[in-house]
Amino acid sequence: MVRTPLTPEERHRGERLGALLREARGGRSMVEIAASAGISAETLRKIETGRAPTPAFFTVAALAGALGLSMDDLLARCAPEPDVVPLAG
C-alpha cells in the first residue's frame, strides 16, 4: 500500500499538534503521559516532533484526555485558519 505524500498544510498541522502536546505536557515525562494515554513513549515522541504528523483519532483523543485538553481546543489550535471572504456590501 502506497501512501500519498502529505501536503505542506498537513505537515504544518502535525507540527502545531506536536507543539501543543509538548506545551500541555509541561514538566511531565513522555513516559508518564504515554502510559496514561495507552501508547508508547516512542509514538508520543514521533507525534511531538512532527515525524508522525497524522496520528490516529483515538491516539489524539487518548493524549488529549491524559493531558486534560478538550478535542475542541485541539481542533481550534491545530486546524488551518479558514479563508476569510469579504462580505459584499
# chains A, B, ... in the order shown; residues from 1 in each chain; ligands from 1
>>> residues_around(residues="A:Ala62", least_positions_apart="2", cutoff="12 Å", atoms="only C-alpha atoms", output="ChimeraX atom specification")
/A:21,33-40,44,55-60,64-71
>>> write_last_selection(atoms="C-alpha atoms", output="PDB file, in the first residue's frame")
ATOM      1  CA  LEU A  21       1.100  18.489  23.129  1.00  0.00           C
ATOM      2  CA  ILE A  33       1.859  10.789  29.580  1.00  0.00           C
ATOM      3  CA  ALA A  34       2.262   7.987  27.037  1.00  0.00           C
ATOM      4  CA  ALA A  35       1.442   5.344  29.653  1.00  0.00           C
ATOM      5  CA  SER A  36      -1.590   7.329  30.779  1.00  0.00           C
ATOM      6  CA  ALA A  37      -2.787   7.520  27.150  1.00  0.00           C
ATOM      7  CA  GLY A  38      -2.051   3.850  26.479  1.00  0.00           C
ATOM      8  CA  ILE A  39       0.555   4.480  23.794  1.00  0.00           C
ATOM      9  CA  SER A  40       4.311   4.038  23.636  1.00  0.00           C
ATOM     10  CA  LEU A  44       4.385  10.265  21.591  1.00  0.00           C
ATOM     11  CA  PRO A  55      -1.819  10.272  14.203  1.00  0.00           C
ATOM     12  CA  ALA A  56      -4.969   8.203  14.540  1.00  0.00           C
ATOM     13  CA  PHE A  57      -8.027   9.903  16.002  1.00  0.00           C
ATOM     14  CA  PHE A  58      -8.153   7.628  19.046  1.00  0.00           C
ATOM     15  CA  THR A  59      -4.469   8.269  19.743  1.00  0.00           C
ATOM     16  CA  VAL A  60      -5.088  12.020  19.725  1.00  0.00           C
ATOM     17  CA  ALA A  64      -5.977  14.889  24.980  1.00  0.00           C
ATOM     18  CA  GLY A  65      -7.553  13.035  27.898  1.00  0.00           C
ATOM     19  CA  ALA A  66      -4.192  12.323  29.516  1.00  0.00           C
ATOM     20  CA  LEU A  67      -3.221  15.985  29.197  1.00  0.00           C
ATOM     21  CA  GLY A  68      -6.570  17.449  30.241  1.00  0.00           C
ATOM     22  CA  LEU A  69      -7.209  19.024  26.841  1.00  0.00           C
ATOM     23  CA  SER A  70     -10.542  19.102  25.071  1.00  0.00           C
ATOM     24  CA  MET A  71     -10.846  17.928  21.489  1.00  0.00           C
TER      25      MET A  71
END
>>> select_by_dssp(residues="stretch 23-57 of chain A", states="helix (DSSP H, G or I)", output="PyMOL selection string")
chain A and resi 23-25+30-37+41-49+57
>>> write_last_selection(atoms="N, CA, C and O atoms", output="tab-separated table (two decimals), in the first residue's frame")
chain	number	residue	atom	x	y	z
A	23	GLU	N	3.69	21.51	24.89
A	23	GLU	CA	3.37	22.60	25.81
A	23	GLU	C	2.45	22.10	26.93
A	23	GLU	O	2.67	22.40	28.11
A	24	ALA	N	1.44	21.32	26.58
A	24	ALA	CA	0.48	20.81	27.58
A	24	ALA	C	1.14	19.80	28.52
A	24	ALA	O	0.77	19.71	29.69
A	25	ARG	N	2.11	19.08	28.02
A	25	ARG	CA	2.81	18.09	28.87
A	25	ARG	C	3.63	18.77	29.94
A	25	ARG	O	3.78	18.27	31.05
A	30	MET	N	7.50	12.14	29.07
A	30	MET	CA	6.86	11.46	27.95
A	30	MET	C	6.34	10.10	28.36
A	30	MET	O	5.25	9.70	27.98
A	31	VAL	N	7.14	9.39	29.15
A	31	VAL	CA	6.76	8.04	29.58
A	31	VAL	C	5.48	8.08	30.39
A	31	VAL	O	4.57	7.27	30.19
A	32	GLU	N	5.37	9.04	31.30
A	32	GLU	CA	4.18	9.18	32.15
A	32	GLU	C	2.93	9.45	31.31
A	32	GLU	O	1.90	8.80	31.48
A	33	ILE	N	3.01	10.42	30.39
A	33	ILE	CA	1.86	10.79	29.58
A	33	ILE	C	1.51	9.67	28.61
A	33	ILE	O	0.34	9.33	28.42
A	34	ALA	N	2.52	9.08	27.98
A	34	ALA	CA	2.26	7.99	27.04
A	34	ALA	C	1.57	6.82	27.74
A	34	ALA	O	0.60	6.26	27.22
A	35	ALA	N	2.05	6.45	28.91
A	35	ALA	CA	1.44	5.34	29.65
A	35	ALA	C	0.00	5.68	30.02
A	35	ALA	O	-0.88	4.82	29.90
A	36	SER	N	-0.24	6.91	30.42
A	36	SER	CA	-1.59	7.33	30.78
A	36	SER	C	-2.52	7.27	29.57
A	36	SER	O	-3.71	6.96	29.71
A	37	ALA	N	-1.99	7.55	28.38
A	37	ALA	CA	-2.79	7.52	27.15
A	37	ALA	C	-2.85	6.13	26.53
A	37	ALA	O	-3.59	5.92	25.57
A	41	ALA	N	5.98	5.57	24.46
A	41	ALA	CA	6.68	6.84	24.54
A	41	ALA	C	7.25	7.20	23.16
A	41	ALA	O	7.31	8.38	22.80
A	42	GLU	N	7.65	6.20	22.39
A	42	GLU	CA	8.18	6.46	21.04
A	42	GLU	C	7.10	7.05	20.14
A	42	GLU	O	7.37	7.96	19.36
A	43	THR	N	5.87	6.57	20.26
A	43	THR	CA	4.78	7.13	19.47
A	43	THR	C	4.55	8.59	19.86
A	43	THR	O	4.42	9.46	18.99
A	44	LEU	N	4.54	8.88	21.14
A	44	LEU	CA	4.38	10.26	21.59
A	44	LEU	C	5.55	11.12	21.09
A	44	LEU	O	5.34	12.24	20.61
A	45	ARG	N	6.75	10.60	21.15
A	45	ARG	CA	7.93	11.35	20.66
A	45	ARG	C	7.75	11.68	19.18
A	45	ARG	O	8.00	12.81	18.75
A	46	LYS	N	7.30	10.72	18.39
A	46	LYS	CA	7.11	10.96	16.95
A	46	LYS	C	6.05	12.02	16.70
A	46	LYS	O	6.19	12.86	15.81
A	47	ILE	N	4.97	11.98	17.47
A	47	ILE	CA	3.90	12.97	17.30
A	47	ILE	C	4.42	14.35	17.70
A	47	ILE	O	4.21	15.34	16.97
A	48	GLU	N	5.08	14.44	18.83
A	48	GLU	CA	5.57	15.74	19.32
A	48	GLU	C	6.61	16.36	18.39
A	48	GLU	O	6.70	17.58	18.30
A	49	THR	N	7.40	15.53	17.71
A	49	THR	CA	8.44	16.07	16.83
A	49	THR	C	7.97	16.24	15.39
A	49	THR	O	8.72	16.71	14.56
A	57	PHE	N	-7.09	9.14	15.18
A	57	PHE	CA	-8.03	9.90	16.00
A	57	PHE	C	-8.01	9.44	17.45
A	57	PHE	O	-7.95	10.25	18.37
>>> closest_residue(among="A:Pro53, A:Ala76, A:Met1, A:Gly27", to="A:Glu15", atoms="only C-alpha atoms")
A:Pro53
>>> atom_distance(atom1="atom CA of A:Arg13", atom2="atom CA of A:Cys78")
5.7 Å
